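> Below is the structure I would like to discuss, written out as structure tokens.
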Amino acid sequence: MTHEMVTALGPLLAAEASAEAHACGEESGDLEQAVWLRLLERLDATGPPADPRRWVRRAVRSEARRSRRRARAERPYATEPADDGGPGPEQRAMTAARRRELHEAVRRLPGRCPALMAALLSPEDLTYREIAGELGISQGSLGPERSRCLGCLRRLLTAEVAAR
């Protein structure tokens, strides 16, 4: 494709694409780009068209029809696509590693603390009444016991972090 051909066909192509764009729901620049691409493909395959102006008009209309067919065939999603905003694999692995470290530290706590903290960290989301019944202690002593265990856990984890 020569510079003269681009210069000669550019305004015609812009005008034709602008005229067809609204009817087919495409941007005129997209239509122009598609026609330029088709012209390049044609030049490689069979050479320049005999009547370039006529060819440009037909190519623009052809691209507009193709665009309308494509728009009719496209269907919107019935529901929104899956959300990719969640944590990625690396973040899930880091969270799982932190959770394992926490559970390992809980198992090293003294006295009844490992059982109490395991019940508090349970995915079943037990109530204080259920935890007290499971551990065989009064519900009223559960809060103070929990505070002591959290203090022990805090000291244990602080010492481990400082040691690193």
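In the structure tokens, chains take the letters A, B, ... in the order shown, each chain's residues start at 1, and ligands count up from 1 in the order shown.
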With a distance cut-off of 9 Å and only C-alpha atoms, select the neighbouring residues of Ala21 (chain A), excluding the residue or stretch itself and same-chain residues fewer than 6 positions from it, and output the selection as a PDB file with N, CA, C and O atoms, in the first residue's frame.

```pdb
ATOM      1  N   GLU A  27     -18.010   1.817  16.510  1.00  0.00           N
ATOM      2  CA  GLU A  27     -17.279   3.076  16.423  1.00  0.00           C
ATOM      3  C   GLU A  27     -16.761   3.217  14.994  1.00  0.00           C
ATOM      4  O   GLU A  27     -16.343   2.232  14.376  1.00  0.00           O
ATOM      5  N   SER A  28     -16.792   4.416  14.468  1.00  0.00           N
ATOM      6  CA  SER A  28     -16.337   4.607  13.088  1.00  0.00           C
ATOM      7  C   SER A  28     -14.859   4.244  12.951  1.00  0.00           C
ATOM      8  O   SER A  28     -14.443   3.694  11.929  1.00  0.00           O
ATOM      9  N   GLY A  29     -14.069   4.526  13.968  1.00  0.00           N
ATOM     10  CA  GLY A  29     -12.646   4.172  13.922  1.00  0.00           C
ATOM     11  C   GLY A  29     -12.434   2.665  13.825  1.00  0.00           C
ATOM     12  O   GLY A  29     -11.507   2.201  13.157  1.00  0.00           O
ATOM     13  N   ASP A  30     -13.307   1.883  14.482  1.00  0.00           N
ATOM     14  CA  ASP A  30     -13.195   0.427  14.397  1.00  0.00           C
ATOM     15  C   ASP A  30     -13.516  -0.059  12.992  1.00  0.00           C
ATOM     16  O   ASP A  30     -12.860  -0.971  12.476  1.00  0.00           O
ATOM     17  N   LEU A  31     -14.536   0.541  12.387  1.00  0.00           N
ATOM     18  CA  LEU A  31     -14.863   0.173  11.000  1.00  0.00           C
ATOM     19  C   LEU A  31     -13.715   0.528  10.060  1.00  0.00           C
ATOM     20  O   LEU A  31     -13.342  -0.273   9.202  1.00  0.00           O
ATOM     21  N   ALA A  64     -19.884  -3.356   8.180  1.00  0.00           N
ATOM     22  CA  ALA A  64     -21.030  -2.939   8.986  1.00  0.00           C
ATOM     23  C   ALA A  64     -22.025  -4.090   9.127  1.00  0.00           C
ATOM     24  O   ALA A  64     -22.566  -4.328  10.208  1.00  0.00           O
TER      25      ALA A  64
END
```
> Considering only C-alpha atoms, state which residue in the set A:Gln91, A:Ala119, A:Ala162, A:Glu63 is at the smallest distance from Glu16 (chain A).
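Closest to Glu16 (chain A), using only C-alpha atoms: A:Glu63.
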> Need to verify the contact set: Leu102 (chain A), 10 Å, only C-alpha atoms, exclusion of same-chain residues closer than 5 positions in sequence. Can you return it as a PyMOL selection string?
chain A and resi 96-97+107+121+153+157
> Please, could you write that set of residues out with N, CA and C atoms as a PDB file, in the first residue's frame?

```
ATOM      1  N   ALA A  96      -3.369 -19.489  55.075  1.00  0.00           N
ATOM      2  CA  ALA A  96      -3.342 -20.848  55.618  1.00  0.00           C
ATOM      3  C   ALA A  96      -2.097 -21.068  56.467  1.00  0.00           C
ATOM      4  N   ALA A  97      -0.958 -20.531  56.040  1.00  0.00           N
ATOM      5  CA  ALA A  97       0.272 -20.683  56.823  1.00  0.00           C
ATOM      6  C   ALA A  97       0.149 -19.967  58.169  1.00  0.00           C
ATOM      7  N   ARG A 107      -1.588 -25.039  70.604  1.00  0.00           N
ATOM      8  CA  ARG A 107      -1.337 -26.375  71.177  1.00  0.00           C
ATOM      9  C   ARG A 107      -0.217 -26.358  72.219  1.00  0.00           C
ATOM     10  N   LEU A 121     -11.635 -21.019  68.444  1.00  0.00           N
ATOM     11  CA  LEU A 121     -11.228 -20.912  67.042  1.00  0.00           C
ATOM     12  C   LEU A 121     -11.975 -21.882  66.128  1.00  0.00           C
ATOM     13  N   LEU A 153      -0.943 -16.627  75.052  1.00  0.00           N
ATOM     14  CA  LEU A 153      -0.715 -16.748  73.613  1.00  0.00           C
ATOM     15  C   LEU A 153       0.038 -15.527  73.075  1.00  0.00           C
ATOM     16  N   LEU A 157       3.659 -15.757  71.291  1.00  0.00           N
ATOM     17  CA  LEU A 157       3.882 -15.294  69.925  1.00  0.00           C
ATOM     18  C   LEU A 157       4.863 -14.133  69.861  1.00  0.00           C
TER      19      LEU A 157
END
```
> Using only C-alpha atoms, determine which residues lie at most 9 Å from Ala71 (chain A), disregarding the query and same-chain residues fewer than 5 positions distant; provide the list as a PyMOL selection string.
chain A and resi 24-25+66
> If you run DSSP on this backbone, which residues of region 84-122 of chain A come out as alpha helix (DSSP H), and could you give them as a list of chain:residue names?
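Those residues are A:Pro89, A:Glu90, A:Gln91, A:Arg92, A:Ala93, A:Met94, A:Thr95, A:Ala96, A:Ala97, A:Arg98, A:Arg99, A:Arg100, A:Glu101, A:Leu102, A:His103, A:Glu104, A:Ala105, A:Val106, A:Arg107, A:Cys113, A:Pro114, A:Ala115, A:Leu116, A:Met117, A:Ala118, A:Ala119, A:Leu120.
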> Keeping only N, CA and C atoms, write those residues as a PDB file, in the first residue's frame.

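Output contents, as saved in result-v3.pdb:
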```pdb
ATOM      1  N   PRO A  89      -4.153 -17.155  44.856  1.00  0.00           N
ATOM      2  CA  PRO A  89      -3.548 -18.344  45.453  1.00  0.00           C
ATOM      3  C   PRO A  89      -2.452 -18.017  46.462  1.00  0.00           C
ATOM      4  N   GLU A  90      -1.661 -17.007  46.172  1.00  0.00           N
ATOM      5  CA  GLU A  90      -0.585 -16.642  47.087  1.00  0.00           C
ATOM      6  C   GLU A  90      -1.158 -16.148  48.416  1.00  0.00           C
ATOM      7  N   GLN A  91      -2.183 -15.306  48.350  1.00  0.00           N
ATOM      8  CA  GLN A  91      -2.797 -14.783  49.569  1.00  0.00           C
ATOM      9  C   GLN A  91      -3.451 -15.903  50.370  1.00  0.00           C
ATOM     10  N   ARG A  92      -4.110 -16.853  49.690  1.00  0.00           N
ATOM     11  CA  ARG A  92      -4.724 -17.982  50.408  1.00  0.00           C
ATOM     12  C   ARG A  92      -3.666 -18.841  51.073  1.00  0.00           C
ATOM     13  N   ALA A  93      -2.531 -19.051  50.397  1.00  0.00           N
ATOM     14  CA  ALA A  93      -1.451 -19.844  50.985  1.00  0.00           C
ATOM     15  C   ALA A  93      -0.870 -19.147  52.215  1.00  0.00           C
ATOM     16  N   MET A  94      -0.703 -17.821  52.133  1.00  0.00           N
ATOM     17  CA  MET A  94      -0.170 -17.074  53.286  1.00  0.00           C
ATOM     18  C   MET A  94      -1.147 -17.133  54.467  1.00  0.00           C
ATOM     19  N   THR A  95      -2.437 -17.000  54.190  1.00  0.00           N
ATOM     20  CA  THR A  95      -3.449 -17.058  55.239  1.00  0.00           C
ATOM     21  C   THR A  95      -3.454 -18.437  55.884  1.00  0.00           C
ATOM     22  N   ALA A  96      -3.369 -19.489  55.075  1.00  0.00           N
ATOM     23  CA  ALA A  96      -3.342 -20.848  55.618  1.00  0.00           C
ATOM     24  C   ALA A  96      -2.097 -21.068  56.467  1.00  0.00           C
ATOM     25  N   ALA A  97      -0.958 -20.531  56.040  1.00  0.00           N
ATOM     26  CA  ALA A  97       0.272 -20.683  56.823  1.00  0.00           C
ATOM     27  C   ALA A  97       0.149 -19.967  58.169  1.00  0.00           C
ATOM     28  N   ARG A  98      -0.433 -18.755  58.173  1.00  0.00           N
ATOM     29  CA  ARG A  98      -0.632 -18.034  59.442  1.00  0.00           C
ATOM     30  C   ARG A  98      -1.579 -18.794  60.358  1.00  0.00           C
ATOM     31  N   ARG A  99      -2.618 -19.366  59.794  1.00  0.00           N
ATOM     32  CA  ARG A  99      -3.585 -20.129  60.590  1.00  0.00           C
ATOM     33  C   ARG A  99      -2.909 -21.356  61.202  1.00  0.00           C
ATOM     34  N   ARG A 100      -2.060 -22.054  60.422  1.00  0.00           N
ATOM     35  CA  ARG A 100      -1.337 -23.218  60.964  1.00  0.00           C
ATOM     36  C   ARG A 100      -0.414 -22.802  62.103  1.00  0.00           C
ATOM     37  N   GLU A 101       0.300 -21.691  61.930  1.00  0.00           N
ATOM     38  CA  GLU A 101       1.193 -21.211  62.988  1.00  0.00           C
ATOM     39  C   GLU A 101       0.413 -20.877  64.253  1.00  0.00           C
ATOM     40  N   LEU A 102      -0.739 -20.258  64.100  1.00  0.00           N
ATOM     41  CA  LEU A 102      -1.566 -19.923  65.254  1.00  0.00           C
ATOM     42  C   LEU A 102      -2.024 -21.180  65.977  1.00  0.00           C
ATOM     43  N   HIS A 103      -2.495 -22.188  65.236  1.00  0.00           N
ATOM     44  CA  HIS A 103      -2.959 -23.426  65.866  1.00  0.00           C
ATOM     45  C   HIS A 103      -1.814 -24.185  66.527  1.00  0.00           C
ATOM     46  N   GLU A 104      -0.615 -24.122  65.946  1.00  0.00           N
ATOM     47  CA  GLU A 104       0.555 -24.753  66.578  1.00  0.00           C
ATOM     48  C   GLU A 104       0.882 -24.053  67.896  1.00  0.00           C
ATOM     49  N   ALA A 105       0.814 -22.729  67.902  1.00  0.00           N
ATOM     50  CA  ALA A 105       1.074 -21.976  69.133  1.00  0.00           C
ATOM     51  C   ALA A 105       0.005 -22.270  70.175  1.00  0.00           C
ATOM     52  N   VAL A 106      -1.234 -22.399  69.772  1.00  0.00           N
ATOM     53  CA  VAL A 106      -2.325 -22.706  70.709  1.00  0.00           C
ATOM     54  C   VAL A 106      -2.089 -24.065  71.361  1.00  0.00           C
ATOM     55  N   ARG A 107      -1.588 -25.039  70.604  1.00  0.00           N
ATOM     56  CA  ARG A 107      -1.337 -26.375  71.177  1.00  0.00           C
ATOM     57  C   ARG A 107      -0.217 -26.358  72.219  1.00  0.00           C
ATOM     58  N   CYS A 113      -5.832 -24.139  78.422  1.00  0.00           N
ATOM     59  CA  CYS A 113      -5.845 -23.149  77.329  1.00  0.00           C
ATOM     60  C   CYS A 113      -5.930 -23.763  75.934  1.00  0.00           C
ATOM     61  N   PRO A 114      -5.196 -24.843  75.630  1.00  0.00           N
ATOM     62  CA  PRO A 114      -5.316 -25.384  74.268  1.00  0.00           C
ATOM     63  C   PRO A 114      -6.747 -25.802  73.916  1.00  0.00           C
ATOM     64  N   ALA A 115      -7.435 -26.438  74.850  1.00  0.00           N
ATOM     65  CA  ALA A 115      -8.803 -26.881  74.581  1.00  0.00           C
ATOM     66  C   ALA A 115      -9.739 -25.674  74.451  1.00  0.00           C
ATOM     67  N   LEU A 116      -9.578 -24.680  75.322  1.00  0.00           N
ATOM     68  CA  LEU A 116     -10.430 -23.501  75.280  1.00  0.00           C
ATOM     69  C   LEU A 116     -10.210 -22.708  73.990  1.00  0.00           C
ATOM     70  N   MET A 117      -8.959 -22.462  73.637  1.00  0.00           N
ATOM     71  CA  MET A 117      -8.667 -21.687  72.428  1.00  0.00           C
ATOM     72  C   MET A 117      -9.094 -22.444  71.165  1.00  0.00           C
ATOM     73  N   ALA A 118      -8.922 -23.774  71.177  1.00  0.00           N
ATOM     74  CA  ALA A 118      -9.361 -24.571  70.027  1.00  0.00           C
ATOM     75  C   ALA A 118     -10.875 -24.458  69.861  1.00  0.00           C
ATOM     76  N   ALA A 119     -11.601 -24.456  70.991  1.00  0.00           N
ATOM     77  CA  ALA A 119     -13.059 -24.303  70.916  1.00  0.00           C
ATOM     78  C   ALA A 119     -13.436 -22.910  70.420  1.00  0.00           C
ATOM     79  N   LEU A 120     -12.701 -21.888  70.850  1.00  0.00           N
ATOM     80  CA  LEU A 120     -12.991 -20.527  70.407  1.00  0.00           C
ATOM     81  C   LEU A 120     -12.657 -20.334  68.920  1.00  0.00           C
TER      82      LEU A 120
END
```
> Within 10 Å of Ala19 (chain A), counting only C-alpha atoms, which residues show up once you throw out same-chain ones fewer than 6 positions away? Write them as an NGL selection string, please.
:A and (13 or 28 or 60-61)
> Could you tell me how far CA of Ala59 (chain A) sits from CA of Arg38 (chain A), in Å to one decimal place?
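Atom-to-atom, CA of Arg38 (chain A) to CA of Ala59 (chain A), that is 7.9 Å.
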> Enter the distance from CA of Met5 (chain A) to CA of Pro52 (chain A), in Å, rounded to one decimal.
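These atoms are spaced 8.7 Å apart.
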> Given only C-alpha atoms as the basis, pick out the residue of A:Leu40, A:Ala50, A:Val56, A:Leu142 nearest to Ala8 (chain A).
A:Val56
> Quick one: distance from CA of Arg108 (chain A) to CA of Arg148 (chain A) in Å, one decimal?
14.4 Å
> Produce a table with one row for each residue of region 42-70 of chain A that has an atom at most 12 Å from any atom of region 74-82 of chain A, each row naming the nearest atom pair and its distance in Å at one decimal; use only C-alpha atoms; arrange rows by chain and rising residue number; format as a Markdown table.

```
| residue | atom | partner | partner_atom | distance |
| --- | --- | --- | --- | --- |
| A:Ser67 | CA | A:Glu74 | CA | 10.6 |
| A:Arg68 | CA | A:Glu74 | CA | 10.0 |
| A:Arg69 | CA | A:Glu74 | CA | 8.8 |
| A:Arg70 | CA | A:Glu74 | CA | 6.2 |
```
